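> Enclosed is the structure file query.cif (mmCIF, C-alpha atoms and all ligand atoms).
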```cif
data_work
loop_
_atom_site.group_PDB
_atom_site.id
_atom_site.type_symbol
_atom_site.label_atom_id
_atom_site.label_comp_id
_atom_site.auth_asym_id
_atom_site.auth_seq_id
_atom_site.Cartn_x
_atom_site.Cartn_y
_atom_site.Cartn_z
ATOM 1 C CA MET K 1 101.321 127.301 105.183
ATOM 2 C CA ASN K 2 99.753 128.542 102.010
ATOM 3 C CA ARG K 3 100.183 132.335 102.093
ATOM 4 C CA THR K 4 99.519 132.782 98.433
ATOM 5 C CA ASN K 5 96.093 132.235 96.958
ATOM 6 C CA HIS K 6 97.051 129.056 95.146
ATOM 7 C CA PRO K 7 94.352 126.430 95.453
ATOM 8 C CA PRO K 8 95.525 123.385 97.417
ATOM 9 C CA ALA K 9 97.145 120.689 95.266
ATOM 10 C CA ARG K 10 94.564 118.306 93.840
ATOM 11 C CA GLY K 11 94.895 114.828 95.276
ATOM 12 C CA ARG K 12 95.167 111.595 93.344
ATOM 13 C CA LEU K 13 92.628 108.826 92.806
ATOM 14 C CA ILE K 14 94.189 105.381 92.520
ATOM 15 C CA VAL K 15 91.820 102.448 92.148
ATOM 16 C CA PHE K 16 92.508 98.754 92.624
ATOM 17 C CA GLU K 17 90.565 96.449 90.335
ATOM 18 C CA GLY K 18 90.389 92.774 89.455
ATOM 19 C CA ILE K 19 88.509 89.583 90.234
ATOM 20 C CA ASP K 20 87.884 88.422 93.795
ATOM 21 C CA GLY K 21 90.771 86.754 95.622
ATOM 22 C CA THR K 22 93.625 88.539 93.828
ATOM 23 C CA GLY K 23 94.869 90.307 96.967
ATOM 24 C CA LYS K 24 93.659 93.863 96.403
ATOM 25 C CA SER K 25 92.815 94.640 100.008
ATOM 26 C CA THR K 26 96.123 93.217 101.313
ATOM 27 C CA GLN K 27 98.019 95.349 98.815
ATOM 28 C CA ILE K 28 96.025 98.469 99.678
ATOM 29 C CA ARG K 29 97.105 98.065 103.305
ATOM 30 C CA LEU K 30 100.768 97.554 102.379
ATOM 31 C CA VAL K 31 100.846 100.383 99.859
ATOM 32 C CA ALA K 32 99.025 102.764 102.229
ATOM 33 C CA ASP K 33 101.655 102.043 104.918
ATOM 34 C CA ALA K 34 104.514 102.603 102.472
ATOM 35 C CA LEU K 35 103.071 105.913 101.236
ATOM 36 C CA ARG K 36 102.318 107.180 104.760
ATOM 37 C CA GLN K 37 105.920 106.412 105.744
ATOM 38 C CA ARG K 38 106.969 108.677 102.903
ATOM 39 C CA GLY K 39 104.758 111.450 104.287
ATOM 40 C CA TYR K 40 101.763 111.290 101.964
ATOM 41 C CA PRO K 41 98.234 112.001 103.247
ATOM 42 C CA VAL K 42 96.592 108.698 102.310
ATOM 43 C CA VAL K 43 92.908 107.793 102.473
ATOM 44 C CA THR K 44 91.806 104.194 101.910
ATOM 45 C CA THR K 45 88.249 103.350 100.930
ATOM 46 C CA ARG K 46 86.237 100.721 99.087
ATOM 47 C CA GLU K 47 83.185 99.954 97.004
ATOM 48 C CA PRO K 48 80.611 98.739 97.722
ATOM 49 C CA THR K 49 80.866 101.321 100.518
ATOM 50 C CA ASP K 50 79.563 101.074 104.068
ATOM 51 C CA GLY K 51 76.948 103.715 103.220
ATOM 52 C CA PRO K 52 73.205 103.101 102.811
ATOM 53 C CA TYR K 53 73.364 101.729 99.249
ATOM 54 C CA GLY K 54 76.520 99.718 99.931
ATOM 55 C CA LEU K 55 74.753 97.994 102.805
ATOM 56 C CA LYS K 56 71.851 97.103 100.510
ATOM 57 C CA ILE K 57 74.310 95.675 97.995
ATOM 58 C CA ARG K 58 75.983 93.541 100.667
ATOM 59 C CA ALA K 59 72.571 92.256 101.721
ATOM 60 C CA LEU K 60 72.076 91.112 98.124
ATOM 61 C CA TYR K 61 74.913 88.615 98.403
ATOM 62 C CA ALA K 62 72.631 86.180 100.154
ATOM 63 C CA ASN K 63 69.619 86.638 97.834
ATOM 64 C CA ARG K 64 70.927 87.799 94.540
ATOM 65 C CA GLY K 65 67.888 86.683 92.561
ATOM 66 C CA GLU K 66 65.799 89.251 94.407
ATOM 67 C CA CYS K 67 66.624 92.153 92.167
ATOM 68 C CA SER K 68 66.860 92.535 88.416
ATOM 69 C CA GLN K 69 70.075 93.272 86.508
ATOM 70 C CA GLY K 70 68.894 96.833 86.017
ATOM 71 C CA GLU K 71 68.119 97.348 89.707
ATOM 72 C CA GLU K 72 71.493 95.904 90.638
ATOM 73 C CA LEU K 73 73.266 98.359 88.338
ATOM 74 C CA GLU K 74 71.281 101.261 89.776
ATOM 75 C CA LEU K 75 72.303 100.283 93.308
ATOM 76 C CA PHE K 76 76.012 100.250 92.432
ATOM 77 C CA ILE K 77 75.652 103.621 90.717
ATOM 78 C CA ALA K 78 73.736 105.122 93.642
ATOM 79 C CA ASP K 79 76.424 103.835 96.008
ATOM 80 C CA ARG K 80 79.126 105.408 93.821
ATOM 81 C CA ARG K 81 77.340 108.786 93.635
ATOM 82 C CA HIS K 82 77.164 108.833 97.405
ATOM 83 C CA HIS K 83 80.852 107.844 97.640
ATOM 84 C CA VAL K 84 81.918 110.550 95.166
ATOM 85 C CA ASP K 85 79.926 113.276 96.927
ATOM 86 C CA GLU K 86 80.725 112.326 100.509
ATOM 87 C CA LEU K 87 84.315 111.133 100.313
ATOM 88 C CA LEU K 88 86.119 111.024 96.962
ATOM 89 C CA GLN K 89 85.531 114.577 95.731
ATOM 90 C CA PRO K 90 86.226 116.270 99.098
ATOM 91 C CA ALA K 91 89.366 114.159 99.571
ATOM 92 C CA LEU K 92 90.626 115.042 96.085
ATOM 93 C CA GLU K 93 89.966 118.729 96.734
ATOM 94 C CA THR K 94 92.019 118.621 99.916
ATOM 95 C CA GLY K 95 95.018 116.960 98.294
ATOM 96 C CA ARG K 96 94.616 113.416 99.611
ATOM 97 C CA ILE K 97 96.033 110.334 97.925
ATOM 98 C CA ILE K 98 93.028 108.014 97.688
ATOM 99 C CA LEU K 99 93.482 104.247 97.414
ATOM 100 C CA CYS K 100 90.102 102.799 96.475
ATOM 101 C CA ASP K 101 89.300 99.075 96.513
ATOM 102 C CA ARG K 102 87.095 98.713 93.385
ATOM 103 C CA TYR K 103 85.454 101.471 91.335
ATOM 104 C CA TYR K 104 83.541 101.737 88.087
ATOM 105 C CA LEU K 105 85.672 99.228 86.161
ATOM 106 C CA SER K 106 84.254 96.622 88.561
ATOM 107 C CA THR K 107 80.766 97.691 87.526
ATOM 108 C CA ALA K 108 81.765 97.327 83.867
ATOM 109 C CA ALA K 109 83.202 93.853 84.477
ATOM 110 C CA TYR K 110 80.712 92.383 86.989
ATOM 111 C CA GLN K 111 77.459 93.880 85.737
ATOM 112 C CA GLY K 112 78.803 93.369 82.183
ATOM 113 C CA ALA K 113 79.331 89.683 82.984
ATOM 114 C CA ASN K 114 75.770 89.698 84.236
ATOM 115 C CA GLY K 115 74.481 90.657 80.798
ATOM 116 C CA MET K 116 74.544 94.469 80.685
ATOM 117 C CA ASP K 117 76.323 96.297 77.863
ATOM 118 C CA VAL K 118 79.826 97.373 79.001
ATOM 119 C CA ASP K 119 79.879 100.677 77.085
ATOM 120 C CA THR K 120 76.463 101.602 78.471
ATOM 121 C CA ILE K 121 77.718 100.891 81.997
ATOM 122 C CA LEU K 122 80.794 103.072 81.456
ATOM 123 C CA ALA K 123 78.617 105.866 80.045
ATOM 124 C CA ARG K 124 76.400 105.729 83.144
ATOM 125 C CA ASN K 125 79.522 106.335 85.254
ATOM 126 C CA ARG K 126 80.630 109.565 83.581
ATOM 127 C CA PHE K 127 79.700 111.530 86.712
ATOM 128 C CA ALA K 128 82.509 109.783 88.616
ATOM 129 C CA PRO K 129 86.015 111.296 88.590
ATOM 130 C CA VAL K 130 88.325 109.438 86.198
ATOM 131 C CA PRO K 131 91.079 107.750 88.214
ATOM 132 C CA ASP K 132 94.679 108.872 87.809
ATOM 133 C CA LEU K 133 95.597 105.202 87.800
ATOM 134 C CA ALA K 134 93.658 101.911 87.777
ATOM 135 C CA ILE K 135 95.779 98.953 88.841
ATOM 136 C CA LEU K 136 94.271 95.808 87.390
ATOM 137 C CA PHE K 137 95.208 92.703 89.371
ATOM 138 C CA GLU K 138 95.527 89.722 87.066
ATOM 139 C CA ALA K 139 95.660 86.111 88.250
ATOM 140 C CA PRO K 140 94.100 82.849 87.098
ATOM 141 C CA VAL K 141 90.452 82.549 88.174
ATOM 142 C CA ALA K 142 91.262 79.243 89.910
ATOM 143 C CA LEU K 143 93.878 80.974 92.090
ATOM 144 C CA GLY K 144 91.391 83.657 93.132
ATOM 145 C CA ILE K 145 88.826 81.048 94.084
ATOM 146 C CA GLU K 146 91.392 78.985 95.973
ATOM 147 C CA ARG K 147 92.449 82.051 97.974
ATOM 148 C CA ILE K 148 88.857 82.953 98.842
ATOM 149 C CA THR K 149 87.868 79.465 99.973
ATOM 150 C CA ALA K 150 91.154 78.352 101.593
ATOM 151 C CA SER K 151 92.704 81.435 103.163
ATOM 152 C CA ARG K 152 89.554 83.355 104.073
ATOM 153 C CA GLY K 153 87.641 80.189 104.964
ATOM 154 C CA GLU K 154 84.665 81.632 103.084
ATOM 155 C CA HIS K 155 82.182 79.899 100.883
ATOM 156 C CA LEU K 156 81.834 81.492 97.501
ATOM 157 C CA ASN K 157 78.965 83.943 97.469
ATOM 158 C CA ASP K 158 76.805 84.532 94.430
ATOM 159 C CA PHE K 159 79.173 87.132 93.008
ATOM 160 C CA GLU K 160 82.024 84.706 93.205
ATOM 161 C CA LYS K 161 80.906 81.677 91.250
ATOM 162 C CA ALA K 162 83.656 80.319 89.017
ATOM 163 C CA GLU K 163 81.791 80.578 85.769
ATOM 164 C CA GLY K 164 80.764 84.140 86.432
ATOM 165 C CA LEU K 165 84.290 85.087 87.455
ATOM 166 C CA THR K 166 85.659 83.753 84.186
ATOM 167 C CA ARG K 167 83.335 86.122 82.308
ATOM 168 C CA VAL K 168 84.318 88.977 84.650
ATOM 169 C CA ALA K 169 88.022 88.260 84.027
ATOM 170 C CA ALA K 170 87.445 88.301 80.272
ATOM 171 C CA ILE K 171 85.859 91.762 80.432
ATOM 172 C CA PHE K 172 88.674 93.114 82.636
ATOM 173 C CA ALA K 173 91.172 91.644 80.133
ATOM 174 C CA ALA K 174 89.493 93.416 77.221
ATOM 175 C CA LEU K 175 89.261 96.880 78.841
ATOM 176 C CA ASP K 176 91.472 99.336 77.019
ATOM 177 C CA LEU K 177 91.722 102.683 78.795
ATOM 178 C CA PRO K 178 94.796 104.879 79.060
ATOM 179 C CA TYR K 179 94.923 104.929 82.865
ATOM 180 C CA ILE K 180 94.894 101.114 83.309
ATOM 181 C CA ARG K 181 98.095 99.287 84.301
ATOM 182 C CA ARG K 182 98.083 95.514 84.716
ATOM 183 C CA ILE K 183 100.042 93.618 87.327
ATOM 184 C CA ASN K 184 100.657 89.912 87.824
ATOM 185 C CA ALA K 185 98.942 89.275 91.153
ATOM 186 C CA ALA K 186 100.223 85.689 91.316
ATOM 187 C CA LEU K 187 103.734 86.934 92.216
ATOM 188 C CA PRO K 188 104.911 87.111 95.875
ATOM 189 C CA ILE K 189 103.228 89.783 98.015
ATOM 190 C CA GLU K 190 106.326 92.002 98.387
ATOM 191 C CA THR K 191 107.043 91.845 94.660
ATOM 192 C CA VAL K 192 103.495 92.928 93.868
ATOM 193 C CA ARG K 193 103.697 95.738 96.442
ATOM 194 C CA ASP K 194 106.953 97.048 94.957
ATOM 195 C CA GLU K 195 105.515 96.954 91.441
ATOM 196 C CA ILE K 196 102.455 98.885 92.575
ATOM 197 C CA LEU K 197 104.620 101.492 94.313
ATOM 198 C CA SER K 198 106.698 101.878 91.156
ATOM 199 C CA LEU K 199 103.483 102.692 89.270
ATOM 200 C CA ILE K 200 102.119 105.111 91.877
ATOM 201 C CA LEU K 201 105.162 107.090 93.034
ATOM 202 C CA PRO K 202 105.876 108.839 89.698
ATOM 203 C CA LEU K 203 102.300 110.191 89.725
ATOM 204 C CA LEU K 204 102.538 111.826 93.146
ATOM 205 C CA PRO K 205 103.539 115.358 94.068
ATOM 206 C CA THR K 206 106.466 115.641 96.485
ATOM 207 C CA PRO K 207 105.135 114.962 100.009
ATOM 208 C CA SER K 208 105.895 118.469 101.258
ATOM 209 C CA SER K 209 103.580 120.005 98.659
ATOM 210 C CA ALA K 210 100.928 117.305 98.949
ATOM 211 C CA ASP K 211 98.804 119.190 101.463
HETATM 212 P P1 LIG K 301 84.466 92.895 97.387
HETATM 213 O O1 LIG K 301 85.535 93.865 97.074
HETATM 214 O O2 LIG K 301 84.748 91.450 97.168
HETATM 215 O O3 LIG K 301 83.894 93.116 98.849
HETATM 216 P P2 LIG K 301 84.239 92.225 100.137
HETATM 217 O O4 LIG K 301 85.733 92.166 100.195
HETATM 218 O O5 LIG K 301 83.627 92.970 101.280
HETATM 219 O O6 LIG K 301 83.618 90.869 99.905
HETATM 220 O O7 LIG K 301 83.206 93.333 96.508
HETATM 221 C C1 LIG K 301 82.010 92.670 96.655
HETATM 222 C C2 LIG K 301 81.479 92.170 95.340
HETATM 223 O O8 LIG K 301 80.797 93.238 94.656
HETATM 224 C C3 LIG K 301 82.548 91.651 94.419
HETATM 225 O O9 LIG K 301 82.311 90.273 94.136
HETATM 226 C C4 LIG K 301 82.394 92.471 93.170
HETATM 227 C C5 LIG K 301 81.035 93.087 93.281
HETATM 228 N N1 LIG K 301 80.923 94.413 92.618
HETATM 229 C C6 LIG K 301 80.090 94.539 91.510
HETATM 230 O O10 LIG K 301 79.474 93.559 91.064
HETATM 231 N N2 LIG K 301 79.956 95.770 90.916
HETATM 232 C C7 LIG K 301 80.602 96.884 91.383
HETATM 233 O O11 LIG K 301 80.432 97.995 90.819
HETATM 234 C C8 LIG K 301 81.463 96.744 92.529
HETATM 235 C C9 LIG K 301 82.178 97.943 93.087
HETATM 236 C C10 LIG K 301 81.591 95.484 93.127
#
```
Output the file's structure as structure tokens, nothing else.


Amino acid sequence: MNRTNHPPARGRLIVFEGIDGTGKSTQIRLVADALRQRGYPVVTTREPTDGPYGLKIRALYANRGECSQGEELELFIADRRHHVDELLQPALETGRIILCDRYYLSTAAYQGANGMDVDTILARNRFAPVPDLAILFEAPVALGIERITASRGEHLNDFEKAEGLTRVAAIFAALDLPYIRRINAALPIETVRDEILSLILPLLPTPSSAD
């Protein structure tokens, strides 16, 4: 009931970042549930997306050698442009609380680990809204790999090779941006969830004015 001409409250963009196997998607589910219970209009999403470019990226998993570093970067950027235009920007404009599994810091870390210059990658992403908060999941690379292979029963794909992940982790560790908060993802699931909520809740409007 907005009788005045105030624009609707802008939403919030909260991104979950870190190496594979650190529990980001589990935590997004738990945190989304906790925020919905408190009355917030939550949207969960992920990159690579399920859109046309995201599907191409997922197809690359099997045959990574088939495209150059530059082409790979362009695909991630094209996927993100599509995501921003189709989902992120409209959701922000309608006051949603967006929880996004990976965003441009993943491009900096993964395509950076693949040999591209990190600052150039970040500059190429200036079109994308800056997140209100980036939660960086930190855990030993060996733990991430163990979780992927043991609990998911998956073989490591090309993005997930140990040596590469060590380089990815090093770039994540060196990122220094004001909206990044680091959490110890090796702690128990409920502890991690509570820490994430304690980072997010102070940034949110009161639920009644969120939409
Ligand atoms: P991931 O979140 O692991 O997807 P899924 O859970 O479906 O396997 O992301 C897939 C891989 O894509 C992951 O290893 C990281 C990589 N990636 C990049 O290399 N650059 C990017 O910009 C993004 C968003 C992801």

> Counting only C-alpha atoms, figure out which residue out of K:Ile135, K:Leu204, K:Ile121, K:Ala142 gets nearest to Val42 (chain K).

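The shortest atom-to-atom distance to Val42 (chain K) comes from K:Leu204.
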
> Show me a table, sorted first by chain and then by increasing residue number, of the residues of chain K having an atom at most 8 Å from ligand LIG 301 (chain K), each with its shortest atom pair and the distance in Å to one decimal, counting only C-alpha atoms and all ligand atoms and written as CSV.


```
residue,atom,partner,partner_atom,distance
K:Ile19,CA,K:LIG301,O9,7.4
K:Asp20,CA,K:LIG301,O2,5.5
K:Gly21,CA,K:LIG301,O2,7.8
K:Ser25,CA,K:LIG301,O4,7.5
K:Arg46,CA,K:LIG301,O1,7.2
K:Glu47,CA,K:LIG301,C9,4.5
K:Pro48,CA,K:LIG301,C9,5.0
K:Ile57,CA,K:LIG301,O8,7.7
K:Arg58,CA,K:LIG301,C1,7.3
K:Leu73,CA,K:LIG301,O11,7.6
K:Phe76,CA,K:LIG301,O11,5.2
K:Ile77,CA,K:LIG301,O11,7.4
K:Asp101,CA,K:LIG301,O1,6.5
K:Arg102,CA,K:LIG301,C9,5.0
K:Tyr103,CA,K:LIG301,C9,5.1
K:Tyr104,CA,K:LIG301,O11,5.6
K:Leu105,CA,K:LIG301,O11,7.1
K:Ser106,CA,K:LIG301,C7,4.6
K:Thr107,CA,K:LIG301,O11,3.3
K:Ala108,CA,K:LIG301,O11,7.1
K:Ala109,CA,K:LIG301,N2,7.5
K:Tyr110,CA,K:LIG301,O10,4.4
K:Gln111,CA,K:LIG301,O10,5.7
K:Asn157,CA,K:LIG301,O9,7.9
K:Asp158,CA,K:LIG301,O9,8.0
K:Phe159,CA,K:LIG301,O9,4.6
K:Glu160,CA,K:LIG301,O9,5.7
```

> Next, the residues of the selection above should be written as a tab-separated table (two decimals), keeping the file's coordinate frame with C-alpha atoms.


```tsv
chain	number	residue	atom	x	y	z
K	19	ILE	CA	88.51	89.58	90.23
K	20	ASP	CA	87.88	88.42	93.80
K	21	GLY	CA	90.77	86.75	95.62
K	25	SER	CA	92.82	94.64	100.01
K	46	ARG	CA	86.24	100.72	99.09
K	47	GLU	CA	83.18	99.95	97.00
K	48	PRO	CA	80.61	98.74	97.72
K	57	ILE	CA	74.31	95.68	98.00
K	58	ARG	CA	75.98	93.54	100.67
K	73	LEU	CA	73.27	98.36	88.34
K	76	PHE	CA	76.01	100.25	92.43
K	77	ILE	CA	75.65	103.62	90.72
K	101	ASP	CA	89.30	99.08	96.51
K	102	ARG	CA	87.10	98.71	93.38
K	103	TYR	CA	85.45	101.47	91.34
K	104	TYR	CA	83.54	101.74	88.09
K	105	LEU	CA	85.67	99.23	86.16
K	106	SER	CA	84.25	96.62	88.56
K	107	THR	CA	80.77	97.69	87.53
K	108	ALA	CA	81.76	97.33	83.87
K	109	ALA	CA	83.20	93.85	84.48
K	110	TYR	CA	80.71	92.38	86.99
K	111	GLN	CA	77.46	93.88	85.74
K	157	ASN	CA	78.96	83.94	97.47
K	158	ASP	CA	76.81	84.53	94.43
K	159	PHE	CA	79.17	87.13	93.01
K	160	GLU	CA	82.02	84.71	93.20
```

> Have a look at CA of Thr45 (chain K) and CA of Asp132 (chain K) and let me know their distance in Å, one decimal.

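Atom-to-atom, CA of Thr45 (chain K) and CA of Asp132 (chain K) are spaced 15.6 Å apart.
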
> Of the candidates K:Arg96, K:Lys24, K:Lys56, K:Arg10, which shows the shortest atom-to-atom distance to Ile196 (chain K), using all atoms listed in the file?

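Result for the nearest residue to Ile196 (chain K): K:Lys24.
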
> Please determine, counting all atoms listed in the file, which residue among K:Asp79, K:Glu195, K:Glu72, K:Glu17 has the shortest atom-to-atom distance to Leu99 (chain K).

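Nearest candidate to Leu99 (chain K) out of K:Asp79, K:Glu195, K:Glu72, K:Glu17: K:Glu17.
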
> Please report the interatomic distance between CA of Arg80 (chain K) and CA of Asn125 (chain K) in Å with one decimal.

8.6 Å

> To one decimal place, how far is CA of Leu122 (chain K) from CA of Leu177 (chain K) in Å?

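Computing the Euclidean distance for CA of Leu122 (chain K) and CA of Leu177 (chain K) yields 11.3 Å.
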
> Determine the residue membership of the PyMOL selection byres (((chain K and resi 170) around 12) and not hetatm) for the file above and supply it as a list of chain:residue names.

K:Gly18, K:Ile19, K:Ala108, K:Ala109, K:Tyr110, K:Gly112, K:Ala113, K:Val118, K:Glu138, K:Ala139, K:Pro140, K:Val141, K:Glu163, K:Gly164, K:Leu165, K:Thr166, K:Arg167, K:Val168, K:Ala169, K:Ile171, K:Phe172, K:Ala173, K:Ala174, K:Leu175

> For Pro52 (chain K), work out the shell of residues within 10 Å, counting all atoms listed in the file and skipping chain neighbours fewer than 6 positions away, then give it as JSON, numbers by chain.

{"K": [75, 78, 79, 82]}

> Would you mind putting back N, CA and C atoms on region 54-83 of chain K, then writing it out as a PDB file, in the frame of the given file?


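Result file part_14.pdb:
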```
ATOM      1  N   GLY K  54      75.546 100.801  99.812  1.00  0.00           N
ATOM      2  CA  GLY K  54      76.520  99.718  99.931  1.00  0.00           C
ATOM      3  C   GLY K  54      75.996  98.604 100.835  1.00  0.00           C
ATOM      4  N   LEU K  55      75.314  99.006 101.899  1.00  0.00           N
ATOM      5  CA  LEU K  55      74.753  97.994 102.805  1.00  0.00           C
ATOM      6  C   LEU K  55      73.678  97.169 102.098  1.00  0.00           C
ATOM      7  N   LYS K  56      72.870  97.847 101.278  1.00  0.00           N
ATOM      8  CA  LYS K  56      71.851  97.103 100.510  1.00  0.00           C
ATOM      9  C   LYS K  56      72.521  96.116  99.571  1.00  0.00           C
ATOM     10  N   ILE K  57      73.604  96.561  98.932  1.00  0.00           N
ATOM     11  CA  ILE K  57      74.310  95.675  97.995  1.00  0.00           C
ATOM     12  C   ILE K  57      74.843  94.455  98.744  1.00  0.00           C
ATOM     13  N   ARG K  58      75.434  94.681  99.915  1.00  0.00           N
ATOM     14  CA  ARG K  58      75.983  93.541 100.667  1.00  0.00           C
ATOM     15  C   ARG K  58      74.876  92.573 101.088  1.00  0.00           C
ATOM     16  N   ALA K  59      73.695  93.123 101.371  1.00  0.00           N
ATOM     17  CA  ALA K  59      72.571  92.256 101.721  1.00  0.00           C
ATOM     18  C   ALA K  59      72.157  91.382 100.528  1.00  0.00           C
ATOM     19  N   LEU K  60      72.438  91.876  99.332  1.00  0.00           N
ATOM     20  CA  LEU K  60      72.076  91.112  98.124  1.00  0.00           C
ATOM     21  C   LEU K  60      72.886  89.837  97.967  1.00  0.00           C
ATOM     22  N   TYR K  61      74.050  89.778  98.562  1.00  0.00           N
ATOM     23  CA  TYR K  61      74.913  88.615  98.403  1.00  0.00           C
ATOM     24  C   TYR K  61      74.139  87.337  98.674  1.00  0.00           C
ATOM     25  N   ALA K  62      73.333  87.382  99.735  1.00  0.00           N
ATOM     26  CA  ALA K  62      72.631  86.180 100.154  1.00  0.00           C
ATOM     27  C   ALA K  62      71.488  85.840  99.191  1.00  0.00           C
ATOM     28  N   ASN K  63      70.826  86.871  98.652  1.00  0.00           N
ATOM     29  CA  ASN K  63      69.619  86.638  97.834  1.00  0.00           C
ATOM     30  C   ASN K  63      69.717  87.383  96.521  1.00  0.00           C
ATOM     31  N   ARG K  64      70.681  86.991  95.712  1.00  0.00           N
ATOM     32  CA  ARG K  64      70.927  87.799  94.540  1.00  0.00           C
ATOM     33  C   ARG K  64      69.754  87.832  93.570  1.00  0.00           C
ATOM     34  N   GLY K  65      68.994  86.731  93.513  1.00  0.00           N
ATOM     35  CA  GLY K  65      67.888  86.683  92.561  1.00  0.00           C
ATOM     36  C   GLY K  65      66.810  87.718  92.840  1.00  0.00           C
ATOM     37  N   GLU K  66      66.896  88.374  94.000  1.00  0.00           N
ATOM     38  CA  GLU K  66      65.799  89.251  94.407  1.00  0.00           C
ATOM     39  C   GLU K  66      65.724  90.569  93.666  1.00  0.00           C
ATOM     40  N   CYS K  67      66.766  90.934  92.946  1.00  0.00           N
ATOM     41  CA  CYS K  67      66.624  92.153  92.167  1.00  0.00           C
ATOM     42  C   CYS K  67      67.103  91.925  90.741  1.00  0.00           C
ATOM     43  N   SER K  68      66.556  92.716  89.836  1.00  0.00           N
ATOM     44  CA  SER K  68      66.860  92.535  88.416  1.00  0.00           C
ATOM     45  C   SER K  68      68.258  93.080  88.119  1.00  0.00           C
ATOM     46  N   GLN K  69      68.769  92.733  86.944  1.00  0.00           N
ATOM     47  CA  GLN K  69      70.075  93.272  86.508  1.00  0.00           C
ATOM     48  C   GLN K  69      70.082  94.790  86.558  1.00  0.00           C
ATOM     49  N   GLY K  70      68.977  95.380  86.068  1.00  0.00           N
ATOM     50  CA  GLY K  70      68.894  96.833  86.017  1.00  0.00           C
ATOM     51  C   GLY K  70      68.907  97.445  87.411  1.00  0.00           C
ATOM     52  N   GLU K  71      68.155  96.833  88.325  1.00  0.00           N
ATOM     53  CA  GLU K  71      68.119  97.348  89.707  1.00  0.00           C
ATOM     54  C   GLU K  71      69.489  97.218  90.366  1.00  0.00           C
ATOM     55  N   GLU K  72      70.152  96.113  90.069  1.00  0.00           N
ATOM     56  CA  GLU K  72      71.493  95.904  90.638  1.00  0.00           C
ATOM     57  C   GLU K  72      72.450  97.011  90.162  1.00  0.00           C
ATOM     58  N   LEU K  73      72.409  97.291  88.865  1.00  0.00           N
ATOM     59  CA  LEU K  73      73.266  98.359  88.338  1.00  0.00           C
ATOM     60  C   LEU K  73      72.952  99.691  89.009  1.00  0.00           C
ATOM     61  N   GLU K  74      71.652  99.983  89.161  1.00  0.00           N
ATOM     62  CA  GLU K  74      71.281 101.261  89.776  1.00  0.00           C
ATOM     63  C   GLU K  74      71.793 101.362  91.209  1.00  0.00           C
ATOM     64  N   LEU K  75      71.798 100.254  91.930  1.00  0.00           N
ATOM     65  CA  LEU K  75      72.303 100.283  93.308  1.00  0.00           C
ATOM     66  C   LEU K  75      73.798 100.598  93.339  1.00  0.00           C
ATOM     67  N   PHE K  76      74.573  99.971  92.458  1.00  0.00           N
ATOM     68  CA  PHE K  76      76.012 100.250  92.432  1.00  0.00           C
ATOM     69  C   PHE K  76      76.275 101.708  92.050  1.00  0.00           C
ATOM     70  N   ILE K  77      75.448 102.230  91.132  1.00  0.00           N
ATOM     71  CA  ILE K  77      75.652 103.621  90.717  1.00  0.00           C
ATOM     72  C   ILE K  77      75.252 104.578  91.836  1.00  0.00           C
ATOM     73  N   ALA K  78      74.163 104.271  92.516  1.00  0.00           N
ATOM     74  CA  ALA K  78      73.736 105.122  93.642  1.00  0.00           C
ATOM     75  C   ALA K  78      74.802 105.108  94.742  1.00  0.00           C
ATOM     76  N   ASP K  79      75.363 103.938  94.995  1.00  0.00           N
ATOM     77  CA  ASP K  79      76.424 103.835  96.008  1.00  0.00           C
ATOM     78  C   ASP K  79      77.634 104.693  95.590  1.00  0.00           C
ATOM     79  N   ARG K  80      77.959 104.632  94.307  1.00  0.00           N
ATOM     80  CA  ARG K  80      79.126 105.408  93.821  1.00  0.00           C
ATOM     81  C   ARG K  80      78.851 106.909  93.886  1.00  0.00           C
ATOM     82  N   ARG K  81      77.653 107.342  93.540  1.00  0.00           N
ATOM     83  CA  ARG K  81      77.340 108.786  93.635  1.00  0.00           C
ATOM     84  C   ARG K  81      77.542 109.285  95.063  1.00  0.00           C
ATOM     85  N   HIS K  82      77.040 108.486  95.998  1.00  0.00           N
ATOM     86  CA  HIS K  82      77.164 108.833  97.405  1.00  0.00           C
ATOM     87  C   HIS K  82      78.641 108.897  97.789  1.00  0.00           C
ATOM     88  N   HIS K  83      79.412 107.902  97.337  1.00  0.00           N
ATOM     89  CA  HIS K  83      80.852 107.844  97.640  1.00  0.00           C
ATOM     90  C   HIS K  83      81.590 109.059  97.065  1.00  0.00           C
TER      91      HIS K  83
END
```
